[in-house]
Amino acid sequence: MYRYDEFDARFVAERVEQFRGQVARRLTGELTEDQFKPLRLMNGLYLQLHAYMLRVAVPYGTLSPKQLRMLAHVARKYDKGYGHFTTRQNIQFNWPRLVDVPDILADLATVEMHAIQTSGNCIRNVTADHFAGAAADEIEDPRPIAEIIRQWSSLHPEFSFLPRKFKIAVSGAAHDRAALKFHDMAVEIVRNGAGETGYRVYVGGGMGRTPYVGYVVSDFVAKPDILSFLEAVMRVYNEQGRRDNLFKARIKILANALGADEMRRQVAVEFEEIRTSGTLTVPAEELARIDAYFAPPEFEDLPDDPADGADGMPRDIPGVDPDFLATNVHPHRAKGYCIVTISLKPIGGVPGDATAEQMDALADLMDEHGMAEIRVSHEQNLVLPHVRRKDLPAIHARLTELGLATPNAGLITDIIACPGLDYCDLANARSIPIAQKIAERFADLDRQHHIGELKIKISGCINACGHHHAGHIGILGVDKKGVEFYQLQLGGSGAEDASIGEILGPGFGKDEIADAVERVVEAYLTLRQGPDERFLDTYRRVGIVPFKNVAYGQDLHAAY
Amino acid sequence: MARQMLTANRLRDGAVLYWRGGGWVETLAEGEVHADPAAADAALAAAQSFVARNEVVGTYLFDVQPDGTPVKEREIIRARGPSVRDPILRKDGGKQAAAPVPPVPEDPYNVSI
Ligand code: SF4
């Protein structure tokens with residue numbers, strides 16, 4: 001894992017003390033709320049519907065046992081005993097008191113954590129594939145480049161007054177688990193024809209009021225040039241981004257207005273200028289130094305198991321729930337290892353929540369099995385990236401005791417839901433209770449497996465923190481004269497086949513939406529050409545019409 | 001004309017407050033319902049002294065029905081606390097749920113209730 005150098009440690013410690021002073025001055029009135037608000041937001045502190053909310057960064061989604069224990073400590077000492085993991089790989093605490101926040105930040109700093117770049121019009125903390133460094137389909141671990149981007153972007157004078165917030169994601173694998181094309185900018189590690197690794201860069205993706213799928217702005221940027229290239233994109237945005245209109249200020253609007261060709265041309269001009277100055281070249285030694293922080297653990301030379309499936313995955317391990325093996329255990333790049341998804345989606349629970357006790361127990365489990373890292377996924381789950389297969393029975397047994405072994409990763413009850421109107425000041429409608437209702441409706445595991453991969457994503461307002469545009473089934477909460485309604489969207493995807501869901505029609509009431517989802521799912525089961533055809537594939541084959549009729553209570557037309 | 005109530009957050013800890021008789025209370029049920037707009041505006045104006053003294057932030061009026069129930073779902077949830085039922089993990093469902101966070105110590109900047 002990345003370890004703070006002297007500069008990082010001093011920077012974070014200074015920020016804590018600055019914020020302590022700012023809070024004190026706010027309480028005495030030296031700072032007005034208008035003056036204080038941007039300062040608290042720069043430290044991840046929001047005022048929400050009921051209370052303050054502190055959003056803590058988990059850079060590239062990686063946590064050590066020590067950090068996990070610290071999050072448990074914060075939850076226990078300063079909050080209500082739990083933390084909520086978000087679609088930005090962050091953790092949010094819903095009830096901190098303003099007077100305690102400087103102490104919370106000081107505690108977090110002792111384990112190299114902070115809440116910087118989790119809010120405001122800056123480059124936000126970079127998110128990464130949660131299987132980074134472990135996935136069987138990966139070219140290279142993307143976290144070193146994420147860290148380099150962090151170092152380049154934190155406090156960069158050109159980026160401290162951007163037109164709007166700016167989100168970057170990175171991945172090193174062919175299968176996109178990081179929703180690259182829905183980010184302002186994204187970096188994918190690729191190999192060119194000569195077999196060299198470099199970066200493909202996307203821009204202009206985003207969700208919210210005006211969703212766009214990002215496009216490629218360069219197919220291959222050589223490794224030493226990556227910061228020059230990213231800075232060139234930022235310059236084009238900084239100069240032309242719509243500061244005059246909050247709703248048009250994200251780079252996606254500019255990227256769409258310019259079009260891919262013009263964007264590429266302008267970026268190329270800036271890139272050439274920056275590159276010839278040579279000041280932003282990333283030296284190979286620096287890359288190697290950062291790479292070393294993310295070096296994988298020494299993998300033991302473990303034997304293949306002849307009973308494994310063609311994908312190298314275990315089919316049957318005594319003592320491990322076969323359903324868990326089928327959905328929550330994934331292929332690893334090293335023989336004898338696997339990746340384990342810890343579902344934070346128990347049926348009837350709040351998607352993304354973990355209690356202080358669970359976090360502490362997970363940290364102990366990591367120590368017991370020599371696992372140095374745990375990951376936070378943008379799908380609001382946790383991931384153990386390097387698990388020896390022979391340890392699976394013991395790990396599965398412990399996860400079961402902790403209520404963390406729900407075998408539903410990637411299935412219909414593995415729902416993403418934003419905090420919604422239960423917590424969020426901007427919300428139009430509740431998200432969490434809708435997720436709970438749908439999960440309960442589909443609780444039967446056989447039914448879930450019969451349905452197969454189906455991603456439901458729920459947002460409580462158009463800001464789309466719950467990624468509803470990218471849901472195979474997306475649900476958007478709207479407000480009609482103070483009453484909650486829900487729009488259904490179908491056919492979105494946040495993976496490499498990214499697409500934006502289409503709106504089905506008028507919204508459903510809060511007591512109708514689970515029924516509508518169920519009718520859509522039942523229609524899919526009738527329409528699909530076999531169990532291997534996912535919901536998304538069927539939708540893309542037959543289009544929206546058959547689902548539309550059924551969702552509003554009509555029978556599936558004979559033509560389908 | 002709609003009836004209105006006045007709300008704010010306490011600066012020190014963010015707690016939701018309601019206006020009553022020139023000060024603040026912590027529950028909607030204890031809050032004051034203003035039957036006419038002039039009285040509501042007067043309460044909002046009076047509340048600015050608490051803003052100026054850095055005791056509360058975010059004062060605003062919202063509509064309630066004749067029985068005192070807020071018109072908007074948002075205000076109902078804000079008054080009652082989160083509506084999420086979570087028998088498994090969360091213990092913050094609603095104001096009645098026990099909050100293990102210790103009370104804010106009294107000091108000159110605390111809001112008089
Ligand atoms: S999508 Fe809207 S309701 Fe949900 S967390 Fe984001 S801003 Fe809040």
# chains A, B, ... in the order shown; residues from 1 in each chain; ligands from 1

$ residues_near_ligand --ligand "ligand 1" --cutoff "8 Å" --atoms "only C-alpha atoms and all ligand atoms" --output "PyMOL selection string"
chain A and resi 417-421+423-431+459-467+477

$ residues_around --residues "Arg289 in chain A" --least-positions-apart "3" --cutoff "12 Å" --atoms "only C-alpha atoms" --output "MDAnalysis selection string"
chainID A and resid 1:3 5 144:145 147:148 282:286 292:295

$ write_last_selection --atoms "C-alpha atoms" --output "PDB file, in the first residue's frame"
ATOM      1  CA  MET A   1       0.000   0.000   0.000  1.00  0.00           C
ATOM      2  CA  TYR A   2       1.003   3.587  -0.460  1.00  0.00           C
ATOM      3  CA  ARG A   3       2.731   5.021   2.592  1.00  0.00           C
ATOM      4  CA  ASP A   5       6.122  10.415   2.757  1.00  0.00           C
ATOM      5  CA  PRO A 144       0.225   3.442  -9.005  1.00  0.00           C
ATOM      6  CA  ILE A 145      -1.090   5.725 -11.735  1.00  0.00           C
ATOM      7  CA  GLU A 147      -1.514   7.683  -6.799  1.00  0.00           C
ATOM      8  CA  ILE A 148       0.534   9.663  -9.310  1.00  0.00           C
ATOM      9  CA  VAL A 282       7.007  11.129 -15.076  1.00  0.00           C
ATOM     10  CA  PRO A 283      10.510   9.710 -14.568  1.00  0.00           C
ATOM     11  CA  ALA A 284      10.797   5.932 -14.766  1.00  0.00           C
ATOM     12  CA  GLU A 285      12.407   5.859 -11.293  1.00  0.00           C
ATOM     13  CA  GLU A 286       9.444   7.684  -9.790  1.00  0.00           C
ATOM     14  CA  ALA A 292       6.815  -0.662  -5.238  1.00  0.00           C
ATOM     15  CA  TYR A 293       4.232   0.596  -2.748  1.00  0.00           C
ATOM     16  CA  PHE A 294       1.588  -1.423  -4.525  1.00  0.00           C
ATOM     17  CA  ALA A 295       3.665  -4.552  -5.008  1.00  0.00           C
TER      18      ALA A 295
END

$ interface_residues --of "chain A" --to "chain B" --cutoff "8 Å" --atoms "only C-alpha atoms" --output "PyMOL selection string"
chain A and resi 26-29+32-33+47+49-52+77-82+96-99+348-350+353-355+421-423+428-429+432-433+481-484

$ write_last_selection --atoms "N, CA and C atoms" --output "compact mmCIF listing (two decimals), in the first residue's frame"
# COMPACT_ATOMS: atom_id res chain seq x y z
N ARG A 26 -15.38 29.63 13.49
CA ARG A 26 -16.80 29.60 13.13
C ARG A 26 -17.67 29.68 14.38
N LEU A 27 -17.26 28.94 15.42
CA LEU A 27 -18.09 28.90 16.64
C LEU A 27 -18.09 30.25 17.35
N THR A 28 -16.99 30.97 17.24
CA THR A 28 -16.98 32.30 17.88
C THR A 28 -17.55 33.37 16.96
N GLY A 29 -17.80 33.02 15.73
CA GLY A 29 -18.40 33.99 14.82
C GLY A 29 -17.38 34.79 14.01
N THR A 32 -18.27 33.65 9.16
CA THR A 32 -19.71 33.45 8.95
C THR A 32 -19.92 32.09 8.30
N GLU A 33 -21.19 31.67 8.25
CA GLU A 33 -21.48 30.38 7.61
C GLU A 33 -21.07 30.42 6.13
N LEU A 47 -23.56 19.59 5.61
CA LEU A 47 -24.71 19.64 6.51
C LEU A 47 -25.87 19.04 5.75
N LEU A 49 -29.69 16.49 5.83
CA LEU A 49 -31.07 16.69 6.26
C LEU A 49 -31.22 16.73 7.78
N HIS A 50 -30.53 15.84 8.48
CA HIS A 50 -30.68 15.76 9.93
C HIS A 50 -29.47 16.28 10.68
N ALA A 51 -28.31 16.24 10.08
CA ALA A 51 -27.08 16.44 10.85
C ALA A 51 -25.93 16.70 9.88
N TYR A 52 -24.74 16.89 10.45
CA TYR A 52 -23.55 16.96 9.60
C TYR A 52 -23.25 15.56 9.07
N LYS A 77 -16.95 5.98 18.42
CA LYS A 77 -16.73 7.08 19.35
C LYS A 77 -17.50 8.35 18.98
N TYR A 78 -17.58 8.64 17.68
CA TYR A 78 -18.12 9.93 17.28
C TYR A 78 -19.45 9.83 16.54
N ASP A 79 -19.87 8.62 16.21
CA ASP A 79 -21.06 8.51 15.38
C ASP A 79 -21.98 7.45 15.98
N LYS A 80 -22.84 6.85 15.17
CA LYS A 80 -23.82 5.92 15.74
C LYS A 80 -23.48 4.47 15.48
N GLY A 81 -22.20 4.16 15.42
CA GLY A 81 -21.82 2.75 15.40
C GLY A 81 -21.76 2.09 14.04
N TYR A 82 -21.89 2.86 12.98
CA TYR A 82 -21.75 2.27 11.65
C TYR A 82 -21.18 3.30 10.69
N PRO A 96 -21.81 13.02 12.72
CA PRO A 96 -20.77 13.65 13.54
C PRO A 96 -21.20 15.06 13.97
N ARG A 97 -20.69 15.48 15.10
CA ARG A 97 -20.94 16.85 15.54
C ARG A 97 -19.81 17.73 15.02
N LEU A 98 -20.17 18.94 14.67
CA LEU A 98 -19.14 19.84 14.14
C LEU A 98 -17.97 19.96 15.11
N VAL A 99 -18.29 20.07 16.40
CA VAL A 99 -17.23 20.28 17.39
C VAL A 99 -16.26 19.10 17.46
N GLY A 348 -32.81 -6.98 3.35
CA GLY A 348 -33.45 -6.15 4.36
C GLY A 348 -32.50 -5.16 5.01
N GLY A 349 -31.21 -5.22 4.69
CA GLY A 349 -30.24 -4.29 5.26
C GLY A 349 -30.11 -3.04 4.41
N VAL A 350 -29.26 -2.12 4.87
CA VAL A 350 -29.02 -0.89 4.12
C VAL A 350 -27.79 -1.10 3.23
N ASP A 353 -23.73 -0.49 4.23
CA ASP A 353 -23.44 -0.26 5.65
C ASP A 353 -22.54 -1.33 6.25
N ALA A 354 -21.67 -0.91 7.16
CA ALA A 354 -20.94 -1.87 7.99
C ALA A 354 -20.88 -1.30 9.41
N THR A 355 -21.08 -2.15 10.39
CA THR A 355 -21.01 -1.68 11.78
C THR A 355 -19.55 -1.64 12.23
N LEU A 421 -33.61 10.43 0.43
CA LEU A 421 -34.30 11.38 1.30
C LEU A 421 -34.23 11.02 2.79
N ASP A 422 -33.77 9.84 3.12
CA ASP A 422 -33.61 9.54 4.55
C ASP A 422 -32.47 10.33 5.17
N TYR A 423 -31.52 10.77 4.34
CA TYR A 423 -30.35 11.48 4.87
C TYR A 423 -29.95 12.71 4.08
N ASN A 428 -34.98 14.06 -3.56
CA ASN A 428 -36.40 14.18 -3.86
C ASN A 428 -37.20 13.02 -3.28
N ALA A 429 -36.56 11.89 -3.11
CA ALA A 429 -37.29 10.70 -2.69
C ALA A 429 -36.33 9.75 -1.98
N ILE A 432 -33.15 4.07 0.02
CA ILE A 432 -32.83 2.87 0.81
C ILE A 432 -34.06 2.00 1.04
N PRO A 433 -35.19 2.56 1.47
CA PRO A 433 -36.35 1.68 1.70
C PRO A 433 -36.83 1.00 0.41
N LYS A 481 -45.03 17.41 -6.14
CA LYS A 481 -45.77 18.17 -5.12
C LYS A 481 -45.54 17.60 -3.72
N GLY A 482 -44.29 17.30 -3.44
CA GLY A 482 -43.96 16.85 -2.09
C GLY A 482 -44.14 15.36 -1.87
N VAL A 483 -44.58 14.64 -2.90
CA VAL A 483 -44.80 13.20 -2.75
C VAL A 483 -43.76 12.46 -3.60
N GLU A 484 -43.28 11.32 -3.08
CA GLU A 484 -42.23 10.58 -3.78
C GLU A 484 -42.79 9.74 -4.93

$ select_by_dssp --residues "range 290-516 of chain A" --states "alpha helix (DSSP H)" --output "ChimeraX atom specification"
/A:290-293,322-328,356-368,392-401,432-441,445-451,513-516

$ residues_around --residues "Arg528 in chain A" --least-positions-apart "6" --cutoff "8 Å" --atoms "only C-alpha atoms" --output "number ranges by chain"
A: 534-535, 538

$ closest_residue --among "B:Thr59, B:Gln4, B:Ala46, B:Pro66" --to "Glu32 in chain B" --atoms "only C-alpha atoms"
B:Gln4

$ residues_around --residues "Arg55 in chain A" --least-positions-apart "3" --cutoff "8 Å" --atoms "only C-alpha atoms" --output "PyMOL selection string"
chain A and resi 44-45+90-93+115+118

$ write_last_selection --atoms "C-alpha atoms" --output "compact mmCIF listing (two decimals), in the first residue's frame"
# COMPACT_ATOMS: atom_id res chain seq x y z
CA GLY A 44 -15.50 16.57 3.38
CA LEU A 45 -18.03 17.96 5.87
CA ASN A 90 -15.64 6.59 0.20
CA ILE A 91 -17.09 6.07 3.62
CA GLN A 92 -19.65 8.44 5.11
CA PHE A 93 -20.52 9.02 8.73
CA ALA A 115 -11.37 13.79 3.96
CA THR A 118 -14.10 14.39 -1.24

$ residues_around --residues "Pro37 in chain B" --least-positions-apart "2" --cutoff "10 Å" --atoms "only C-alpha atoms" --output "count of residues only"
11

$ residues_around --residues "Glu188 in chain A" --least-positions-apart "2" --cutoff "12 Å" --atoms "only C-alpha atoms" --output "ChimeraX atom specification"
/A:128-129,132,138-143,145-146,168-181,183,185-186,190-191,197-203,216-221,223,226,496

$ write_last_selection --atoms "C-alpha atoms" --output "mmCIF file, in the first residue's frame"
data_model
loop_
_atom_site.group_PDB
_atom_site.id
_atom_site.type_symbol
_atom_site.label_atom_id
_atom_site.label_comp_id
_atom_site.auth_asym_id
_atom_site.auth_seq_id
_atom_site.Cartn_x
_atom_site.Cartn_y
_atom_site.Cartn_z
ATOM 1 C CA ALA A 128 -9.971 2.372 -9.164
ATOM 2 C CA ASP A 129 -10.998 -1.125 -10.160
ATOM 3 C CA ALA A 132 -6.757 -4.033 -8.897
ATOM 4 C CA GLU A 138 -5.536 -7.363 -15.589
ATOM 5 C CA ILE A 139 -2.604 -5.991 -17.591
ATOM 6 C CA GLU A 140 -1.185 -3.975 -14.705
ATOM 7 C CA ASP A 141 -2.254 -2.685 -11.302
ATOM 8 C CA PRO A 142 -3.817 0.741 -11.965
ATOM 9 C CA ARG A 143 -3.291 2.080 -8.441
ATOM 10 C CA ILE A 145 -1.090 5.725 -11.735
ATOM 11 C CA ALA A 146 -4.015 6.637 -9.463
ATOM 12 C CA ILE A 168 -11.232 10.384 -12.434
ATOM 13 C CA ALA A 169 -11.275 6.578 -12.477
ATOM 14 C CA VAL A 170 -8.547 4.111 -13.420
ATOM 15 C CA SER A 171 -8.480 0.473 -14.457
ATOM 16 C CA GLY A 172 -5.939 -1.977 -15.793
ATOM 17 C CA ALA A 173 -8.264 -4.725 -16.976
ATOM 18 C CA ALA A 174 -10.289 -5.489 -20.065
ATOM 19 C CA HIS A 175 -13.465 -5.896 -18.042
ATOM 20 C CA ASP A 176 -14.440 -2.480 -16.740
ATOM 21 C CA ARG A 177 -15.334 -2.731 -13.061
ATOM 22 C CA ALA A 178 -14.703 0.977 -12.420
ATOM 23 C CA ALA A 179 -17.408 2.555 -14.640
ATOM 24 C CA LEU A 180 -14.682 4.341 -16.612
ATOM 25 C CA LYS A 181 -16.976 5.744 -19.262
ATOM 26 C CA HIS A 183 -16.301 9.615 -15.340
ATOM 27 C CA MET A 185 -11.914 11.507 -17.267
ATOM 28 C CA ALA A 186 -10.686 7.931 -17.084
ATOM 29 C CA VAL A 190 -3.668 -0.922 -22.439
ATOM 30 C CA ARG A 191 -1.041 -2.580 -24.615
ATOM 31 C CA THR A 197 1.875 -0.748 -21.933
ATOM 32 C CA GLY A 198 0.478 2.759 -21.872
ATOM 33 C CA TYR A 199 -2.802 4.506 -21.265
ATOM 34 C CA ARG A 200 -6.064 4.953 -23.115
ATOM 35 C CA VAL A 201 -7.781 8.122 -21.924
ATOM 36 C CA TYR A 202 -11.503 8.801 -21.964
ATOM 37 C CA VAL A 203 -13.238 12.123 -21.323
ATOM 38 C CA VAL A 216 -11.715 8.078 -26.190
ATOM 39 C CA VAL A 217 -9.548 11.175 -26.435
ATOM 40 C CA SER A 218 -6.359 9.195 -26.941
ATOM 41 C CA ASP A 219 -5.949 5.527 -27.683
ATOM 42 C CA PHE A 220 -2.428 5.345 -26.400
ATOM 43 C CA VAL A 221 -0.457 7.747 -24.240
ATOM 44 C CA LYS A 223 3.735 6.180 -19.713
ATOM 45 C CA ILE A 226 0.503 10.699 -18.927
ATOM 46 C CA GLU A 496 -17.148 -1.813 -20.932
#

$ residues_around --residues "Gln380 in chain A" --least-positions-apart "4" --cutoff "6 Å" --atoms "only C-alpha atoms" --output "list in words"
Phe85, Thr86, Thr87 and Gly352 of chain A

$ write_last_selection --atoms "N, CA and C atoms" --output "PDB file, in the first residue's frame"
ATOM      1  N   PHE A  85     -20.556   2.858   3.137  1.00  0.00           N
ATOM      2  CA  PHE A  85     -19.655   2.917   1.984  1.00  0.00           C
ATOM      3  C   PHE A  85     -20.440   3.350   0.746  1.00  0.00           C
ATOM      4  N   THR A  86     -19.813   4.229  -0.043  1.00  0.00           N
ATOM      5  CA  THR A  86     -20.542   4.877  -1.135  1.00  0.00           C
ATOM      6  C   THR A  86     -20.048   4.430  -2.503  1.00  0.00           C
ATOM      7  N   THR A  87     -20.737   4.908  -3.523  1.00  0.00           N
ATOM      8  CA  THR A  87     -20.375   4.574  -4.901  1.00  0.00           C
ATOM      9  C   THR A  87     -19.087   5.261  -5.341  1.00  0.00           C
ATOM     10  N   GLY A 352     -24.455  -1.013   1.608  1.00  0.00           N
ATOM     11  CA  GLY A 352     -23.224  -0.255   1.859  1.00  0.00           C
ATOM     12  C   GLY A 352     -22.877  -0.030   3.317  1.00  0.00           C
TER      13      GLY A 352
END

$ closest_residue --among "A:Glu262, A:Glu273, A:Asp100, A:Asp8" --to "Arg150 in chain A" --atoms "only C-alpha atoms"
A:Asp8
